[in-house]
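What follows is a set of notes on a single structure, which appears directly below.
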Protein chains: 2
Amino acid sequence: MEKQKFIQYGFGPIGQRVASYAIDRGFELEAVIDSDPAKAGKNAGEILGKDLSVIIQDSSYDVFKSSKSNLVFLTTMSALEDAYPQILNCIHFKKNIVSTCEELSYPWKQNYHLSSRIDMLAKLNKVAVVGTGVNPGFAMDALPVFLSSICKDVESVRIERYQDASIRRLPFQKKIGAGCTLEEFDALVKEKKIRHVGFTESVQMIAKSLGWELEKIEETIEPVIAKKRVKSEFLKVPKGRVCGVDQICKGYMNGKEAITLELQAYLGHKKPHDAVMIKGEPNITSVVKGGINGDIATCAIAVNAAKKILESEPGLKTMLDLGLTSWYK
Amino acid sequence: MEKQKFIQYGFGPIGQRVASYAIDRGFELEAVIDSDPAKAGKNAGEILGKDLSVIIQDSSYDVFKSSKSNLVFLTTMSALEDAYPQILNCIHFKKNIVSTCEELSYPWKQNYHLSSRIDMLAKLNKVAVVGTGVNPGFAMDALPVFLSSICKDVESVRIERYQDASIRRLPFQKKIGAGCTLEEFDALVKEKKIRHVGFTESVQMIAKSLGWELEKIEETIEPVIAKKRVKSEFLKVPKGRVCGVDQICKGYMNGKEAITLELQAYLGHKKPHDAVMIKGEPNITSVVKGGINGDIATCAIAVNAAKKILESEPGLKTMLDLGLTSWYK
């Protein structure tokens, strides 16, 4: 059987890992695109520690016009507006897209106009597009949605993603403000540098599937203060400094909190887990103890979703539309 | 908006509950079919405790030839061979089918011939057919499959469904042999009267999704002996008697246990839960504490799956093919 070729578009930490997983699973890396001048011209194989020679290119046009692959892993941007020109470019060259762009996971409410255009152009070019990842894309939306299948009634949904950030990469620890003073934390929040992207999309994906019309969605970001000295491989945070973040997103219906997502990520979290709590008939509490490793899970689900997106009808899809994704041999 | 009409085919405990849930969710009960002469002619509304007048009929032909509904909930049989003529009958009259027939949940391996015929006829008649329920259909197949999406590698899957049977209905307690002597239990197992139907189908559904070719599937059924006197609302089981069942199904690949399903159901189980344990990268253990109530869940998921089956392409579907089912308003 011929190998499934793919193009890796975006070659940061997530892109490298997605490419690496895909290669391990028998996909063939046809090309790598990254606009970073420090990367262009280098051999992606060397960066991945794999025996292959694929030179990183900064021009997507050069890659696409000669490409034979029908699949792109797009791992460049979190905001849909930023990723949009790249998405259109892929579609124009008839590439199916699996992207970790957070706002693409469920863009229909926040970005209706862009969503419709992507959907229409994807259909015209007979390709399918999906945004996925562990979160958004799975732990705080698709999984709770699927768990609700066994309920006769659902009143409200609460999802907790509690993470001990001390085992994560340094960029992640910085992204949650570990080591900051309160003032520094507040400034970073204002600059939107401390913020998990995709909460609103997750809430809207759940609401869509459950048929709920929400009145409003509110998001808060609070620092978690170290009660004693905490440390990771990379950082030491003294007592009183910020050791991470507590981000909450609430969707309201009929004046009540119907959907609540809480992400706690800080150094030294004592109860890391991923929990889905459905209040209804019956009540369901489903827990992944220790929590889901976000770096592995996001890249794994992107590769796993590729099979479904290649089998899918054309158009802009979400994890609600594809059949059940799974790992596969 | 016009109400979604449905026909309830099979009016035992599960059928009654499915019909009841569907009505509560805004579906309109058009007709009830049950071959039991003791039921025919009675008002289904009275049995359900609902203010409606639908006379139970024993002739499916009479119902179908005048029916306007495009949806049947089929809750008659566990074995596909038994349900097959009824399925064909529904398809002939262009009814989409959601069934709790255990062997219909993933019939492609065990009953390839019947499956192909159902699929072909469903396509000809432009209807979709699915078998679902909590188990098979969700807890021991579709849910673990979906959870594997976040894995880079999967080596093996173990699923535990541990139930305290003392809170279940009397027929369920009898079905697991509670109160039997060992001899009685063995005799009932030989007669296939004590046996959860659908284990093989669950194992095959998982294998299909993960792309695993299994060499063999083995099933064992063992009694659980009461270590002290246990009781339920309905039964008292003295020490030494059977208080329930421990059923295990194993799928082997390359000489190793790759998929293991264990159902423990007995009076007084101290650790009821539904657990999915994936050994791979990463390891995932997901637990629903207390376990999923089978009676509610099976009927709820049947009603919840109806939406997806009505939107689906024609043919014989499984929970792997439909998009993500969910509760919905």
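For the structure tokens, the naming scheme is as follows: chains receive sequential letters (A, B, ...) according to their order of presentation, residues are indexed from 1 within each chain, and ligands are indexed from 1 in presentation order.
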Taking only residues of chain A that have an atom at most 6 Å from an atom of chain B, what is each one's shortest atom pair and its distance in Å to one decimal, using only C-alpha atoms, in chain and number order, as a Markdown table?
| residue | atom | partner | partner_atom | distance |
| --- | --- | --- | --- | --- |
| A:Val145 | CA | B:Ser326 | CA | 5.5 |
| A:Phe146 | CA | B:Ser326 | CA | 5.2 |
| A:Ser148 | CA | B:Ser326 | CA | 5.2 |
| A:Ser149 | CA | B:Ser326 | CA | 4.0 |
| A:Ile150 | CA | B:Ala297 | CA | 4.4 |
| A:Cys151 | CA | B:Ala300 | CA | 5.5 |
| A:Lys152 | CA | B:Ala300 | CA | 4.8 |
| A:Leu210 | CA | B:Tyr328 | CA | 4.0 |
| A:Gly211 | CA | B:Lys329 | CA | 5.1 |
| A:Thr285 | CA | B:Val288 | CA | 5.7 |
| A:Ser286 | CA | B:Val288 | CA | 4.4 |
| A:Val287 | CA | B:Val287 | CA | 5.3 |
| A:Val288 | CA | B:Ser286 | CA | 4.4 |
| A:Ala297 | CA | B:Ile150 | CA | 4.4 |
| A:Ala300 | CA | B:Lys152 | CA | 4.8 |
| A:Ile301 | CA | B:Ile150 | CA | 5.0 |
| A:Leu320 | CA | B:Leu324 | CA | 5.2 |
| A:Asp321 | CA | B:Gly323 | CA | 4.8 |
| A:Leu322 | CA | B:Gly323 | CA | 5.3 |
| A:Gly323 | CA | B:Gly323 | CA | 4.2 |
| A:Leu324 | CA | B:Leu320 | CA | 5.2 |
| A:Thr325 | CA | B:Ser149 | CA | 5.8 |
| A:Ser326 | CA | B:Ser149 | CA | 4.0 |
| A:Trp327 | CA | B:Ser149 | CA | 4.9 |
| A:Tyr328 | CA | B:Leu210 | CA | 4.0 |
| A:Lys329 | CA | B:Gly211 | CA | 5.1 |
Convert the current residue selection to file output with N, CA, C and O atoms, as a JSON list (two decimals), in the first residue's frame.
[["chain", "number", "residue", "atom", "x", "y", "z"],
["A", 145, "VAL", "N", -19.43, 15.88, 25.46],
["A", 145, "VAL", "CA", -20.58, 15.74, 24.54],
["A", 145, "VAL", "C", -20.93, 14.26, 24.38],
["A", 145, "VAL", "O", -22.08, 13.85, 24.54],
["A", 146, "PHE", "N", -19.91, 13.44, 24.11],
["A", 146, "PHE", "CA", -20.16, 12.02, 23.87],
["A", 146, "PHE", "C", -20.66, 11.34, 25.14],
["A", 146, "PHE", "O", -21.56, 10.49, 25.09],
["A", 148, "SER", "N", -22.53, 12.55, 27.35],
["A", 148, "SER", "CA", -23.93, 12.88, 27.59],
["A", 148, "SER", "C", -24.89, 11.95, 26.86],
["A", 148, "SER", "O", -26.09, 11.93, 27.14],
["A", 149, "SER", "N", -24.35, 11.15, 25.93],
["A", 149, "SER", "CA", -25.20, 10.20, 25.17],
["A", 149, "SER", "C", -25.96, 9.24, 26.07],
["A", 149, "SER", "O", -26.99, 8.72, 25.69],
["A", 150, "ILE", "N", -25.41, 8.96, 27.24],
["A", 150, "ILE", "CA", -26.05, 7.97, 28.11],
["A", 150, "ILE", "C", -26.98, 8.62, 29.12],
["A", 150, "ILE", "O", -27.44, 7.97, 30.06],
["A", 151, "CYS", "N", -27.28, 9.91, 28.91],
["A", 151, "CYS", "CA", -28.18, 10.61, 29.82],
["A", 151, "CYS", "C", -29.57, 10.78, 29.22],
["A", 151, "CYS", "O", -29.72, 11.07, 28.05],
["A", 152, "LYS", "N", -30.54, 10.60, 30.07],
["A", 152, "LYS", "CA", -31.92, 10.89, 29.71],
["A", 152, "LYS", "C", -32.16, 12.40, 29.77],
["A", 152, "LYS", "O", -32.94, 12.95, 28.99],
["A", 210, "LEU", "N", -25.76, 19.95, 22.40],
["A", 210, "LEU", "CA", -26.86, 19.72, 23.33],
["A", 210, "LEU", "C", -28.12, 20.51, 22.95],
["A", 210, "LEU", "O", -29.17, 20.35, 23.56],
["A", 211, "GLY", "N", -27.98, 21.37, 21.94],
["A", 211, "GLY", "CA", -29.14, 22.15, 21.51],
["A", 211, "GLY", "C", -29.49, 23.28, 22.46],
["A", 211, "GLY", "O", -30.64, 23.69, 22.56],
["A", 285, "THR", "N", -20.04, 11.31, 36.57],
["A", 285, "THR", "CA", -18.73, 11.90, 36.82],
["A", 285, "THR", "C", -17.68, 10.96, 36.25],
["A", 285, "THR", "O", -17.58, 9.81, 36.68],
["A", 286, "SER", "N", -16.96, 11.46, 35.28],
["A", 286, "SER", "CA", -15.94, 10.64, 34.62],
["A", 286, "SER", "C", -14.60, 11.32, 34.82],
["A", 286, "SER", "O", -14.45, 12.51, 34.55],
["A", 287, "VAL", "N", -13.63, 10.56, 35.32],
["A", 287, "VAL", "CA", -12.35, 11.17, 35.69],
["A", 287, "VAL", "C", -11.17, 10.43, 35.07],
["A", 287, "VAL", "O", -11.11, 9.20, 35.12],
["A", 288, "VAL", "N", -10.28, 11.19, 34.46],
["A", 288, "VAL", "CA", -8.98, 10.64, 34.09],
["A", 288, "VAL", "C", -8.00, 11.12, 35.15],
["A", 288, "VAL", "O", -7.65, 12.31, 35.20],
["A", 297, "ALA", "N", -1.25, 14.44, 23.75],
["A", 297, "ALA", "CA", -2.63, 14.23, 23.32],
["A", 297, "ALA", "C", -2.99, 15.09, 22.12],
["A", 297, "ALA", "O", -3.64, 14.62, 21.18],
["A", 300, "ALA", "N", -1.29, 13.63, 19.07],
["A", 300, "ALA", "CA", -1.84, 12.31, 18.76],
["A", 300, "ALA", "C", -3.20, 12.44, 18.10],
["A", 300, "ALA", "O", -3.49, 11.79, 17.09],
["A", 301, "ILE", "N", -4.06, 13.29, 18.66],
["A", 301, "ILE", "CA", -5.42, 13.38, 18.13],
["A", 301, "ILE", "C", -5.40, 14.02, 16.74],
["A", 301, "ILE", "O", -6.23, 13.68, 15.89],
["A", 320, "LEU", "N", -17.60, 17.10, 16.21],
["A", 320, "LEU", "CA", -18.97, 16.60, 16.32],
["A", 320, "LEU", "C", -19.40, 15.87, 15.05],
["A", 320, "LEU", "O", -20.28, 15.00, 15.11],
["A", 321, "ASP", "N", -18.81, 16.24, 13.91],
["A", 321, "ASP", "CA", -19.28, 15.71, 12.63],
["A", 321, "ASP", "C", -18.58, 14.42, 12.22],
["A", 321, "ASP", "O", -19.19, 13.54, 11.62],
["A", 322, "LEU", "N", -17.27, 14.39, 12.46],
["A", 322, "LEU", "CA", -16.51, 13.20, 12.05],
["A", 322, "LEU", "C", -17.06, 12.01, 12.83],
["A", 322, "LEU", "O", -17.59, 12.16, 13.91],
["A", 323, "GLY", "N", -16.95, 10.82, 12.29],
["A", 323, "GLY", "CA", -17.29, 9.65, 13.10],
["A", 323, "GLY", "C", -16.34, 9.61, 14.29],
["A", 323, "GLY", "O", -15.55, 10.52, 14.51],
["A", 324, "LEU", "N", -16.42, 8.55, 15.09],
["A", 324, "LEU", "CA", -15.55, 8.44, 16.26],
["A", 324, "LEU", "C", -14.09, 8.35, 15.84],
["A", 324, "LEU", "O", -13.68, 7.38, 15.21],
["A", 325, "THR", "N", -13.31, 9.34, 16.20],
["A", 325, "THR", "CA", -11.87, 9.23, 15.97],
["A", 325, "THR", "C", -11.30, 8.21, 16.96],
["A", 325, "THR", "O", -11.86, 7.98, 18.03],
["A", 326, "SER", "N", -10.21, 7.61, 16.59],
["A", 326, "SER", "CA", -9.53, 6.68, 17.49],
["A", 326, "SER", "C", -8.08, 6.57, 17.06],
["A", 326, "SER", "O", -7.72, 6.97, 15.95],
["A", 327, "TRP", "N", -7.27, 6.06, 17.94],
["A", 327, "TRP", "CA", -5.96, 5.61, 17.52],
["A", 327, "TRP", "C", -6.17, 4.46, 16.55],
["A", 327, "TRP", "O", -7.19, 3.76, 16.62],
["A", 328, "TYR", "N", -5.28, 4.27, 15.63],
["A", 328, "TYR", "CA", -5.39, 3.12, 14.73],
["A", 328, "TYR", "C", -4.02, 2.69, 14.28],
["A", 328, "TYR", "O", -3.08, 3.48, 14.25],
["A", 329, "LYS", "N", -3.94, 1.42, 13.96],
["A", 329, "LYS", "CA", -2.67, 0.83, 13.56],
["A", 329, "LYS", "C", -2.37, 1.18, 12.11],
["A", 329, "LYS", "O", -3.26, 1.13, 11.28]]
Extract, using only C-alpha atoms, all DNA, RNA and protein residues at most 10 Å from B:Pro37, discarding same-chain residues fewer than 5 positions from it, and format them as a PyMOL selection string. chain B and resi 42+56-58
Would you mind exporting N, CA and C atoms of the selected residues as a PDB file, in the first residue's frame?
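Contents of selection-v6.pdb, freshly written:
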ATOM      1  N   LYS B  42     -54.141  -3.555  24.366  1.00  0.00           N
ATOM      2  CA  LYS B  42     -54.087  -2.634  25.511  1.00  0.00           C
ATOM      3  C   LYS B  42     -53.606  -1.254  25.070  1.00  0.00           C
ATOM      4  N   ILE B  56     -51.761  -1.148  21.487  1.00  0.00           N
ATOM      5  CA  ILE B  56     -50.680  -2.056  21.117  1.00  0.00           C
ATOM      6  C   ILE B  56     -51.185  -3.067  20.081  1.00  0.00           C
ATOM      7  N   GLN B  57     -50.426  -3.219  19.002  1.00  0.00           N
ATOM      8  CA  GLN B  57     -50.842  -4.139  17.940  1.00  0.00           C
ATOM      9  C   GLN B  57     -49.838  -5.271  17.803  1.00  0.00           C
ATOM     10  N   ASP B  58     -50.323  -6.439  17.442  1.00  0.00           N
ATOM     11  CA  ASP B  58     -49.386  -7.558  17.300  1.00  0.00           C
ATOM     12  C   ASP B  58     -48.963  -7.776  15.854  1.00  0.00           C
TER      13      ASP B  58
END
Pull the strand (DSSP E or B) assignments for stretch 182-238 of chain A out of DSSP run on the backbone, and list those residues as a ChimeraX atom specification. /A:216-225,230-231,236-237
Contacts of B:Arg229 within 6 Å, only C-alpha atoms, excl. fewer than 6 positions in-chain, as number ranges by chain: B: 237-239
Save out the residues we just selected, all heavy atoms, as a PDB file, in the first residue's frame.
ATOM      1  N   VAL B 237     -29.619 -13.749  49.602  1.00  0.00           N
ATOM      2  CA  VAL B 237     -28.701 -14.794  49.171  1.00  0.00           C
ATOM      3  C   VAL B 237     -27.828 -15.205  50.345  1.00  0.00           C
ATOM      4  O   VAL B 237     -27.038 -14.397  50.850  1.00  0.00           O
ATOM      5  CB  VAL B 237     -27.817 -14.303  48.003  1.00  0.00           C
ATOM      6  CG1 VAL B 237     -26.826 -15.387  47.590  1.00  0.00           C
ATOM      7  CG2 VAL B 237     -28.669 -13.872  46.826  1.00  0.00           C
ATOM      8  N   PRO B 238     -27.969 -16.463  50.796  1.00  0.00           N
ATOM      9  CA  PRO B 238     -27.142 -16.896  51.924  1.00  0.00           C
ATOM     10  C   PRO B 238     -25.690 -17.085  51.508  1.00  0.00           C
ATOM     11  O   PRO B 238     -25.388 -17.262  50.315  1.00  0.00           O
ATOM     12  CB  PRO B 238     -27.764 -18.241  52.327  1.00  0.00           C
ATOM     13  CG  PRO B 238     -28.527 -18.713  51.139  1.00  0.00           C
ATOM     14  CD  PRO B 238     -28.906 -17.511  50.337  1.00  0.00           C
ATOM     15  N   LYS B 239     -24.805 -17.025  52.466  1.00  0.00           N
ATOM     16  CA  LYS B 239     -23.376 -17.281  52.247  1.00  0.00           C
ATOM     17  C   LYS B 239     -23.192 -18.610  51.498  1.00  0.00           C
ATOM     18  O   LYS B 239     -23.862 -19.599  51.803  1.00  0.00           O
ATOM     19  CB  LYS B 239     -22.700 -17.336  53.618  1.00  0.00           C
ATOM     20  CG  LYS B 239     -21.207 -17.526  53.569  1.00  0.00           C
ATOM     21  CD  LYS B 239     -20.621 -17.563  54.974  1.00  0.00           C
ATOM     22  CE  LYS B 239     -19.206 -18.159  54.922  1.00  0.00           C
ATOM     23  NZ  LYS B 239     -18.590 -18.236  56.250  1.00  0.00           N
TER      24      LYS B 239
END
